Every structure is written in C-alpha cells, then in structure tokens.
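What follows is query-v7.cif (mmCIF, C-alpha atoms).
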```cif
data_model
loop_
_atom_site.group_PDB
_atom_site.id
_atom_site.type_symbol
_atom_site.label_atom_id
_atom_site.label_comp_id
_atom_site.auth_asym_id
_atom_site.auth_seq_id
_atom_site.Cartn_x
_atom_site.Cartn_y
_atom_site.Cartn_z
ATOM 1 C CA MET L 1 96.887 104.014 80.710
ATOM 2 C CA ILE L 2 99.327 104.238 83.625
ATOM 3 C CA SER L 3 100.212 107.818 82.772
ATOM 4 C CA ALA L 4 96.500 108.726 82.630
ATOM 5 C CA PHE L 5 95.966 107.104 86.039
ATOM 6 C CA LEU L 6 98.912 108.977 87.575
ATOM 7 C CA HIS L 7 97.738 112.223 86.008
ATOM 8 C CA GLY L 8 94.242 111.779 87.451
ATOM 9 C CA TYR L 9 95.499 110.864 90.912
ATOM 10 C CA LEU L 10 97.993 113.713 91.201
ATOM 11 C CA LEU L 11 95.562 116.242 89.740
ATOM 12 C CA SER L 12 92.734 115.269 92.089
ATOM 13 C CA PHE L 13 95.124 115.161 95.043
ATOM 14 C CA GLY L 14 96.205 118.715 94.322
ATOM 15 C CA LEU L 15 92.578 119.840 94.188
ATOM 16 C CA ILE L 16 91.461 118.062 97.367
ATOM 17 C CA LEU L 17 94.489 118.933 99.520
ATOM 18 C CA PRO L 18 93.705 122.595 100.457
ATOM 19 C CA LEU L 19 91.937 123.058 103.790
ATOM 20 C CA GLY L 20 88.319 123.975 103.072
ATOM 21 C CA PRO L 21 84.780 123.361 104.409
ATOM 22 C CA GLN L 22 84.656 119.763 103.183
ATOM 23 C CA ASN L 23 88.017 118.719 104.634
ATOM 24 C CA THR L 24 87.540 120.537 107.937
ATOM 25 C CA PHE L 25 84.115 118.994 108.487
ATOM 26 C CA VAL L 26 85.294 115.455 107.756
ATOM 27 C CA PHE L 27 88.379 115.871 109.963
ATOM 28 C CA THR L 28 86.400 117.440 112.811
ATOM 29 C CA GLN L 29 83.837 114.662 112.737
ATOM 30 C CA GLY L 30 86.600 112.097 112.965
ATOM 31 C CA ALA L 31 87.974 113.938 115.984
ATOM 32 C CA THR L 32 84.712 114.562 117.847
ATOM 33 C CA GLN L 33 82.914 111.251 117.495
ATOM 34 C CA PRO L 34 83.495 108.822 120.406
ATOM 35 C CA LYS L 35 84.234 105.940 118.035
ATOM 36 C CA LEU L 36 85.757 105.809 114.564
ATOM 37 C CA ILE L 37 82.790 103.879 113.186
ATOM 38 C CA ARG L 38 80.484 106.799 114.017
ATOM 39 C CA ALA L 39 82.579 109.110 111.835
ATOM 40 C CA LEU L 40 82.853 106.756 108.858
ATOM 41 C CA PRO L 41 79.389 107.620 107.394
ATOM 42 C CA VAL L 42 80.612 111.203 106.951
ATOM 43 C CA ALA L 43 83.685 109.976 105.058
ATOM 44 C CA VAL L 44 81.489 107.761 102.878
ATOM 45 C CA ALA L 45 79.058 110.609 102.182
ATOM 46 C CA ALA L 46 81.858 113.000 101.219
ATOM 47 C CA SER L 47 83.460 110.347 99.001
ATOM 48 C CA LEU L 48 80.170 109.564 97.258
ATOM 49 C CA ALA L 49 79.535 113.261 96.668
ATOM 50 C CA ASP L 50 83.000 113.683 95.150
ATOM 51 C CA THR L 51 82.449 110.592 92.999
ATOM 52 C CA PHE L 52 79.183 112.087 91.753
ATOM 53 C CA LEU L 53 80.864 115.397 90.844
ATOM 54 C CA ILE L 54 83.775 113.649 89.137
ATOM 55 C CA LEU L 55 81.447 111.530 86.997
ATOM 56 C CA LEU L 56 79.430 114.630 86.059
ATOM 57 C CA ALA L 57 82.652 116.386 85.084
ATOM 58 C CA VAL L 58 83.966 113.506 82.996
ATOM 59 C CA PHE L 59 80.671 113.048 81.182
ATOM 60 C CA GLY L 60 80.626 116.605 79.895
ATOM 61 C CA VAL L 61 78.620 118.726 82.326
ATOM 62 C CA SER L 62 81.683 120.963 82.556
ATOM 63 C CA VAL L 63 80.934 122.251 79.064
ATOM 64 C CA ILE L 64 77.506 123.499 80.159
ATOM 65 C CA VAL L 65 78.722 125.141 83.364
ATOM 66 C CA LEU L 66 81.760 126.788 81.807
ATOM 67 C CA THR L 67 79.894 128.135 78.763
ATOM 68 C CA ILE L 68 76.912 129.633 80.633
ATOM 69 C CA PRO L 69 78.223 132.315 83.034
ATOM 70 C CA ILE L 70 74.898 132.769 84.842
ATOM 71 C CA ILE L 71 75.084 129.182 86.111
ATOM 72 C CA LYS L 72 78.469 129.862 87.719
ATOM 73 C CA THR L 73 77.099 133.042 89.309
ATOM 74 C CA ILE L 74 74.001 131.311 90.712
ATOM 75 C CA LEU L 75 76.056 128.414 92.086
ATOM 76 C CA THR L 76 78.456 130.848 93.698
ATOM 77 C CA LEU L 77 75.743 132.955 95.360
ATOM 78 C CA ILE L 78 74.009 129.859 96.719
ATOM 79 C CA GLY L 79 77.350 128.606 97.962
ATOM 80 C CA VAL L 80 78.119 131.885 99.760
ATOM 81 C CA VAL L 81 74.883 131.728 101.753
ATOM 82 C CA PHE L 82 75.490 128.091 102.577
ATOM 83 C CA LEU L 83 79.094 128.655 103.681
ATOM 84 C CA LEU L 84 78.069 131.526 105.961
ATOM 85 C CA TYR L 85 75.531 129.225 107.625
ATOM 86 C CA ILE L 86 77.977 126.323 107.936
ATOM 87 C CA GLY L 87 80.557 128.656 109.471
ATOM 88 C CA TRP L 88 78.040 129.838 112.069
ATOM 89 C CA VAL L 89 77.036 126.263 112.995
ATOM 90 C CA THR L 90 80.679 125.177 113.188
ATOM 91 C CA TRP L 91 81.590 128.138 115.406
ATOM 92 C CA ARG L 92 78.770 127.273 117.837
ATOM 93 C CA SER L 93 79.489 123.541 117.822
ATOM 94 C CA LYS L 94 80.851 122.224 121.116
ATOM 95 C CA PRO L 95 83.304 119.386 120.454
ATOM 96 C CA THR L 96 82.988 116.278 122.577
ATOM 97 C CA THR L 97 84.797 112.964 122.442
ATOM 98 C CA ASN L 98 82.777 111.089 125.053
ATOM 99 C CA GLY L 99 79.420 110.724 123.324
ATOM 100 C CA THR L 100 77.707 113.711 124.986
ATOM 101 C CA HIS L 101 75.671 116.314 123.098
ATOM 102 C CA ASN L 102 77.126 117.740 119.929
ATOM 103 C CA GLU L 103 75.695 119.956 117.184
ATOM 104 C CA PHE L 104 76.171 117.040 114.785
ATOM 105 C CA ASP L 105 75.150 114.210 117.111
ATOM 106 C CA SER L 106 72.405 113.027 114.746
ATOM 107 C CA LEU L 107 73.625 110.620 112.056
ATOM 108 C CA LYS L 108 71.162 112.066 109.567
ATOM 109 C CA LYS L 109 72.347 115.613 110.254
ATOM 110 C CA ARG L 110 75.999 114.611 109.882
ATOM 111 C CA ILE L 111 75.373 112.925 106.541
ATOM 112 C CA VAL L 112 73.298 115.854 105.245
ATOM 113 C CA PHE L 113 76.035 118.308 106.228
ATOM 114 C CA ALA L 114 78.714 116.139 104.645
ATOM 115 C CA LEU L 115 76.780 116.039 101.374
ATOM 116 C CA SER L 116 76.066 119.761 101.614
ATOM 117 C CA VAL L 117 79.660 120.901 102.119
ATOM 118 C CA SER L 118 80.540 118.769 99.093
ATOM 119 C CA LEU L 119 77.701 119.450 96.656
ATOM 120 C CA LEU L 120 76.900 123.059 97.630
ATOM 121 C CA ASN L 121 80.509 124.226 97.833
ATOM 122 C CA PRO L 122 81.232 126.314 94.702
ATOM 123 C CA HIS L 123 84.975 125.706 95.038
ATOM 124 C CA ALA L 124 84.474 121.943 94.922
ATOM 125 C CA ILE L 125 82.003 122.155 92.055
ATOM 126 C CA LEU L 126 84.004 124.509 89.854
ATOM 127 C CA ASP L 127 87.340 122.821 90.606
ATOM 128 C CA THR L 128 85.997 119.354 89.928
ATOM 129 C CA ILE L 129 83.948 120.220 86.877
ATOM 130 C CA GLY L 130 86.287 122.855 85.513
ATOM 131 C CA VAL L 131 89.678 121.240 86.101
ATOM 132 C CA ILE L 132 88.948 117.514 86.099
ATOM 133 C CA GLY L 133 86.296 117.806 83.394
ATOM 134 C CA THR L 134 88.588 119.796 81.139
ATOM 135 C CA SER L 135 91.483 117.394 81.693
ATOM 136 C CA ALA L 136 89.310 114.329 81.061
ATOM 137 C CA ILE L 137 88.448 115.377 77.513
ATOM 138 C CA THR L 138 92.076 114.790 76.493
ATOM 139 C CA TYR L 139 91.604 111.047 77.068
ATOM 140 C CA ASN L 140 89.480 108.418 75.351
ATOM 141 C CA GLY L 141 88.455 104.843 76.066
ATOM 142 C CA SER L 142 90.516 102.973 78.641
ATOM 143 C CA GLU L 143 92.711 105.996 79.359
ATOM 144 C CA ARG L 144 89.696 108.111 80.319
ATOM 145 C CA PHE L 145 88.474 105.250 82.519
ATOM 146 C CA ALA L 146 91.873 105.071 84.253
ATOM 147 C CA PHE L 147 91.937 108.849 84.726
ATOM 148 C CA THR L 148 88.429 108.843 86.215
ATOM 149 C CA LEU L 149 89.150 105.842 88.453
ATOM 150 C CA ALA L 150 92.248 107.536 89.836
ATOM 151 C CA CYS L 151 90.324 110.704 90.717
ATOM 152 C CA ILE L 152 87.606 108.707 92.484
ATOM 153 C CA LEU L 153 90.084 106.468 94.307
ATOM 154 C CA ASN L 154 91.959 109.492 95.584
ATOM 155 C CA SER L 155 88.786 110.962 97.091
ATOM 156 C CA TRP L 156 87.920 107.772 98.956
ATOM 157 C CA LEU L 157 91.447 107.266 100.313
ATOM 158 C CA TRP L 158 91.749 110.924 101.268
ATOM 159 C CA PHE L 159 88.499 111.209 103.230
ATOM 160 C CA PHE L 160 88.982 107.931 105.064
ATOM 161 C CA GLY L 161 92.558 108.924 105.898
ATOM 162 C CA LEU L 162 91.364 112.335 107.076
ATOM 163 C CA THR L 163 88.791 110.684 109.330
ATOM 164 C CA ILE L 164 91.415 108.414 110.872
ATOM 165 C CA MET L 165 93.738 111.367 111.501
ATOM 166 C CA GLY L 166 90.886 113.225 113.160
ATOM 167 C CA ARG L 167 90.068 110.240 115.382
ATOM 168 C CA THR L 168 93.730 110.053 116.408
ATOM 169 C CA LEU L 169 93.613 113.680 117.528
ATOM 170 C CA GLY L 170 90.353 113.025 119.358
ATOM 171 C CA VAL L 171 91.952 110.211 121.366
ATOM 172 C CA VAL L 172 94.891 112.428 122.367
ATOM 173 C CA ASP L 173 92.790 115.549 123.088
ATOM 174 C CA ARG L 174 90.279 114.029 125.500
ATOM 175 C CA ASN L 175 89.421 117.328 127.192
ATOM 176 C CA GLY L 176 88.435 118.883 123.863
ATOM 177 C CA ARG L 177 90.602 122.000 124.166
ATOM 178 C CA VAL L 178 92.395 121.516 120.857
ATOM 179 C CA LEU L 179 89.150 120.514 119.156
ATOM 180 C CA GLY L 180 87.411 123.609 120.479
ATOM 181 C CA GLY L 181 90.080 125.777 118.906
ATOM 182 C CA LEU L 182 89.911 123.713 115.731
ATOM 183 C CA ASN L 183 86.193 124.433 115.414
ATOM 184 C CA LYS L 184 86.864 128.168 115.638
ATOM 185 C CA VAL L 185 89.650 127.934 113.045
ATOM 186 C CA SER L 186 87.410 125.864 110.789
ATOM 187 C CA ALA L 187 84.626 128.443 111.033
ATOM 188 C CA VAL L 188 87.032 131.261 110.119
ATOM 189 C CA ILE L 189 88.313 129.274 107.118
ATOM 190 C CA ILE L 190 84.749 128.658 105.957
ATOM 191 C CA TRP L 191 83.838 132.334 106.308
ATOM 192 C CA ALA L 192 87.041 133.298 104.489
ATOM 193 C CA SER L 193 86.005 130.994 101.644
ATOM 194 C CA ALA L 194 82.635 132.749 101.493
ATOM 195 C CA LEU L 195 84.312 136.169 101.465
ATOM 196 C CA TYR L 196 86.641 135.061 98.675
ATOM 197 C CA LEU L 197 83.636 133.979 96.616
ATOM 198 C CA ILE L 198 81.841 137.288 97.245
ATOM 199 C CA VAL L 199 84.878 139.232 96.062
ATOM 200 C CA GLY L 200 85.162 136.984 93.030
ATOM 201 C CA VAL L 201 81.531 137.461 92.037
ATOM 202 C CA ALA L 202 81.670 141.225 92.609
ATOM 203 C CA GLY L 203 84.781 141.513 90.449
ATOM 204 C CA SER L 204 83.554 139.218 87.697
ATOM 205 C CA GLN L 205 82.449 140.764 84.449
ATOM 206 C CA ASP L 206 79.960 137.926 84.081
ATOM 207 C CA PHE L 207 78.120 139.223 87.136
ATOM 208 C CA TYR L 208 77.205 142.514 85.501
#
```

Rendering of file as structure tokens:
Amino acid sequence: MISAFLHGYLLSFGLILPLGPQNTFVFTQGATQPKLIRALPVAVAASLADTFLILLAVFGVSVIVLTIPIIKTILTLIGVVFLLYIGWVTWRSKPTTNGTHNEFDSLKKRIVFALSVSLLNPHAILDTIGVIGTSAITYNGSERFAFTLACILNSWLWFFGLTIMGRTLGVVDRNGRVLGGLNKVSAVIIWASALYLIVGVAGSQDFY
C-alpha cells in the first residue's frame, strides 16, 4: 500500500508541476488578492476540479476517452478556443494588491475561471485521465485507494502551496511591476499551450 501511495504522489506531482494555465492562474490570484483568504477559494476550486478528474480517471472513464478518438479531438478543439480566451483576459488583467479593480475581482468570476482552467484544459484532462487512469488499473482494493488518495492529496497541497507562494510575492511586489510582467508571461504560456494543441490536432491521424 505504501508503494502505491508513493507511486500516486510522485506521478501526480510530475503531472501537476509544469507551468500551465491552471498553475499560473492559481499563483497569480494568490499574488494579486489583497489578503490570502480571498485567494483560497481559487485554490479550493482548482483542487476540487482535480479531485473530480482523478476520480473519473480511476473509475474507468479513461477507457472511453482513449478508445474513441473523436472525443479527444472535440475536447482539444474546445480547449484551444478556451485557452485563447483565457490568454486574452490574462493579458488585459491589471494586477493589484491593494483591493482596487481587477479583472477577477468578483469571487464568482474567480471560481468559474479556476474551474474552467482545470476542467476545460485538454492537457489536464488527457494527462489525468490518460496517465493516472492507466496507472490506476494496475492496482486493486486498498492499493488503488492509496494510489488515488495520494494523487488527490498532492493536488490539494500543491494548489494551497502555490497560493501561499503567490501571496508572498504579492506582499513583496506592492507596486505590481513584477505581477504585471507575470500576467504577460502567463498569457504567452497559455497561448503557447493553445498553439501546441492546434499543432497536435493538425498532425494527428485521428483528426482526418
């Protein structure tokens, strides 16, 4: 059981570590909100979304997605449009750390965006369902439970840690200069992710 837990934790950590739309949004929210407690709902939303995807993967949805190519193509195309939009909003967002106007000042909007960058991000979906789902089928009973628990625990610890790191930067960068540059970098990363997906779909035999 311990080996299954370690496998799940290290595997999920490797998947969640790369800088992408989900991580950049959570980190940026931690940095731009005037208080840490205002950024925590975003971390919770991202963690819940990851938990949802992990449970779907473990309970066999990966088989459906991986065996029906058209589903992967549709998810990818939807994700491309979404990432282009998120990149545009992020580029225009004006970071503030003093409670003044921000593109994501509304709690509802922040939660919706957090769920969106998690559930509508093809990379997150295919990585979680494809990699974690495939790995989970090698375990049964208590070992599968330990593997799943480790993946979920990693997501929660990661997003809360990312939020705290962002808040630390926000305290240091009170004039918002670093955060302004971070928004631009985040937007470019998001657009690069969309471009990567477009190239992948165009070069996929399943697309034709």

Selection under test: the PyMOL selection byres ((chain L and resi 30) around 10); residues as a PyMOL selection string: chain L and resi 24-29+31-40+42-43+97+159-170

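Reported to one decimal place, the separation of atom CA of L:Leu6 from atom CA of L:Leu48 is 21.1 Å.
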
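Using all atoms listed in the file for every distance, the candidate list L:Trp88, L:Leu55, L:Phe82, L:Val117 yields L:Leu55 as the residue closest to L:Thr148.
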
Residue members of the PyMOL selection byres ((chain L and resi 57) around 12) in the file shown, as an MDAnalysis selection string: chainID L and resid 50:56 58:66 124:137 144 147:148 151:152

Nearest candidate to L:Asn121 (options L:His7, L:Gly14, L:Gln22, L:Lys108; using all atoms listed in the file): L:Gln22

Coordinates-based distance that separates atom CA of L:Pro122 from atom CA of L:Leu17 (Å, one decimal): 15.9 Å

Atom CA of L:Ile189 to atom CA of L:Phe113, distance in Å rounded to a single decimal: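 Atom CA of L:Phe113 lies at a distance of 16.5 Å from atom CA of L:Ile189.
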
Nearest to L:Gly8, chosen from L:Trp156, L:Phe145, L:Trp91, L:Tyr85, with all atoms listed in the file counted in the distances: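 Once distances to L:Gly8 are computed over all atoms listed in the file, the minimum belongs to L:Phe145.
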
I'd like the box whose edges run along x, y and z of the file and which contains every listed atom of stretch 141-153 of chain L, padded by 8 Å per side; could you state its centre and edge lengths in Å, one decimal, as AutoDock Vina command-line options?
```
--center_x 90.2 --center_y 106.8 --center_z 85.2 --size_x 21.1 --size_y 23.7 --size_z 34.2
```

Residue among L:Ala46, L:Ile198, L:Gly87, L:Ile78 lying closest to L:Asn23, counting only C-alpha atoms: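 For L:Asn23, the nearest of the given residues is L:Ala46.
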
Missing atoms in stretch 47-58 of chain L should be modelled up to all heavy atoms and reported as a PDB file, in the coordinates of the input.
```
ATOM      1  N   SER L  47      82.864 111.080 100.118  1.00  0.00           N
ATOM      2  CA  SER L  47      83.460 110.347  99.001  1.00  0.00           C
ATOM      3  C   SER L  47      82.447 110.125  97.883  1.00  0.00           C
ATOM      4  O   SER L  47      82.768 110.271  96.700  1.00  0.00           O
ATOM      5  CB  SER L  47      84.001 108.997  99.485  1.00  0.00           C
ATOM      6  OG  SER L  47      84.981 109.166 100.487  1.00  0.00           O
ATOM      7  N   LEU L  48      81.215 109.775  98.255  1.00  0.00           N
ATOM      8  CA  LEU L  48      80.170 109.564  97.258  1.00  0.00           C
ATOM      9  C   LEU L  48      79.836 110.868  96.532  1.00  0.00           C
ATOM     10  O   LEU L  48      79.615 110.876  95.318  1.00  0.00           O
ATOM     11  CB  LEU L  48      78.908 109.006  97.926  1.00  0.00           C
ATOM     12  CG  LEU L  48      78.977 107.545  98.378  1.00  0.00           C
ATOM     13  CD1 LEU L  48      77.714 107.174  99.158  1.00  0.00           C
ATOM     14  CD2 LEU L  48      79.145 106.616  97.171  1.00  0.00           C
ATOM     15  N   ALA L  49      79.812 111.966  97.283  1.00  0.00           N
ATOM     16  CA  ALA L  49      79.535 113.261  96.668  1.00  0.00           C
ATOM     17  C   ALA L  49      80.629 113.632  95.670  1.00  0.00           C
ATOM     18  O   ALA L  49      80.346 114.125  94.568  1.00  0.00           O
ATOM     19  CB  ALA L  49      79.420 114.339  97.749  1.00  0.00           C
ATOM     20  N   ASP L  50      81.888 113.407  96.056  1.00  0.00           N
ATOM     21  CA  ASP L  50      83.000 113.683  95.150  1.00  0.00           C
ATOM     22  C   ASP L  50      82.935 112.786  93.914  1.00  0.00           C
ATOM     23  O   ASP L  50      83.206 113.234  92.795  1.00  0.00           O
ATOM     24  CB  ASP L  50      84.334 113.468  95.871  1.00  0.00           C
ATOM     25  CG  ASP L  50      84.957 114.778  96.313  1.00  0.00           C
ATOM     26  OD1 ASP L  50      84.189 115.738  96.528  1.00  0.00           O
ATOM     27  OD2 ASP L  50      86.187 114.849  96.450  1.00  0.00           O
ATOM     28  N   THR L  51      82.583 111.518  94.123  1.00  0.00           N
ATOM     29  CA  THR L  51      82.449 110.592  92.999  1.00  0.00           C
ATOM     30  C   THR L  51      81.386 111.078  92.030  1.00  0.00           C
ATOM     31  O   THR L  51      81.572 111.047  90.805  1.00  0.00           O
ATOM     32  CB  THR L  51      82.068 109.188  93.515  1.00  0.00           C
ATOM     33  OG1 THR L  51      83.100 108.710  94.373  1.00  0.00           O
ATOM     34  CG2 THR L  51      81.896 108.210  92.350  1.00  0.00           C
ATOM     35  N   PHE L  52      80.277 111.556  92.577  1.00  0.00           N
ATOM     36  CA  PHE L  52      79.183 112.087  91.753  1.00  0.00           C
ATOM     37  C   PHE L  52      79.654 113.275  90.917  1.00  0.00           C
ATOM     38  O   PHE L  52      79.401 113.351  89.711  1.00  0.00           O
ATOM     39  CB  PHE L  52      78.024 112.493  92.665  1.00  0.00           C
ATOM     40  CG  PHE L  52      76.887 113.177  91.954  1.00  0.00           C
ATOM     41  CD1 PHE L  52      76.047 112.455  91.123  1.00  0.00           C
ATOM     42  CD2 PHE L  52      76.663 114.533  92.130  1.00  0.00           C
ATOM     43  CE1 PHE L  52      74.994 113.076  90.464  1.00  0.00           C
ATOM     44  CE2 PHE L  52      75.617 115.167  91.488  1.00  0.00           C
ATOM     45  CZ  PHE L  52      74.780 114.441  90.648  1.00  0.00           C
ATOM     46  N   LEU L  53      80.376 114.215  91.546  1.00  0.00           N
ATOM     47  CA  LEU L  53      80.864 115.397  90.844  1.00  0.00           C
ATOM     48  C   LEU L  53      81.896 115.031  89.772  1.00  0.00           C
ATOM     49  O   LEU L  53      81.903 115.604  88.681  1.00  0.00           O
ATOM     50  CB  LEU L  53      81.475 116.390  91.833  1.00  0.00           C
ATOM     51  CG  LEU L  53      80.510 117.103  92.772  1.00  0.00           C
ATOM     52  CD1 LEU L  53      81.269 117.993  93.752  1.00  0.00           C
ATOM     53  CD2 LEU L  53      79.494 117.935  91.981  1.00  0.00           C
ATOM     54  N   ILE L  54      82.749 114.078  90.096  1.00  0.00           N
ATOM     55  CA  ILE L  54      83.775 113.649  89.137  1.00  0.00           C
ATOM     56  C   ILE L  54      83.134 113.025  87.904  1.00  0.00           C
ATOM     57  O   ILE L  54      83.513 113.318  86.764  1.00  0.00           O
ATOM     58  CB  ILE L  54      84.756 112.667  89.798  1.00  0.00           C
ATOM     59  CG1 ILE L  54      85.622 113.394  90.831  1.00  0.00           C
ATOM     60  CG2 ILE L  54      85.656 112.004  88.741  1.00  0.00           C
ATOM     61  CD1 ILE L  54      86.429 112.464  91.712  1.00  0.00           C
ATOM     62  N   LEU L  55      82.131 112.168  88.119  1.00  0.00           N
ATOM     63  CA  LEU L  55      81.447 111.530  86.997  1.00  0.00           C
ATOM     64  C   LEU L  55      80.707 112.561  86.143  1.00  0.00           C
ATOM     65  O   LEU L  55      80.697 112.472  84.908  1.00  0.00           O
ATOM     66  CB  LEU L  55      80.472 110.466  87.503  1.00  0.00           C
ATOM     67  CG  LEU L  55      81.131 109.227  88.141  1.00  0.00           C
ATOM     68  CD1 LEU L  55      80.066 108.286  88.692  1.00  0.00           C
ATOM     69  CD2 LEU L  55      82.000 108.497  87.112  1.00  0.00           C
ATOM     70  N   LEU L  56      80.087 113.552  86.807  1.00  0.00           N
ATOM     71  CA  LEU L  56      79.430 114.630  86.059  1.00  0.00           C
ATOM     72  C   LEU L  56      80.447 115.385  85.210  1.00  0.00           C
ATOM     73  O   LEU L  56      80.180 115.734  84.058  1.00  0.00           O
ATOM     74  CB  LEU L  56      78.747 115.599  87.020  1.00  0.00           C
ATOM     75  CG  LEU L  56      77.409 115.181  87.619  1.00  0.00           C
ATOM     76  CD1 LEU L  56      76.886 116.289  88.524  1.00  0.00           C
ATOM     77  CD2 LEU L  56      76.386 114.880  86.529  1.00  0.00           C
ATOM     78  N   ALA L  57      81.609 115.646  85.803  1.00  0.00           N
ATOM     79  CA  ALA L  57      82.652 116.386  85.084  1.00  0.00           C
ATOM     80  C   ALA L  57      83.142 115.605  83.874  1.00  0.00           C
ATOM     81  O   ALA L  57      83.268 116.147  82.770  1.00  0.00           O
ATOM     82  CB  ALA L  57      83.812 116.683  86.026  1.00  0.00           C
ATOM     83  N   VAL L  58      83.420 114.332  84.073  1.00  0.00           N
ATOM     84  CA  VAL L  58      83.966 113.506  82.996  1.00  0.00           C
ATOM     85  C   VAL L  58      82.970 113.330  81.859  1.00  0.00           C
ATOM     86  O   VAL L  58      83.347 113.295  80.686  1.00  0.00           O
ATOM     87  CB  VAL L  58      84.396 112.128  83.541  1.00  0.00           C
ATOM     88  CG1 VAL L  58      84.779 111.192  82.403  1.00  0.00           C
ATOM     89  CG2 VAL L  58      85.568 112.288  84.502  1.00  0.00           C
TER      90      VAL L  58
END
```
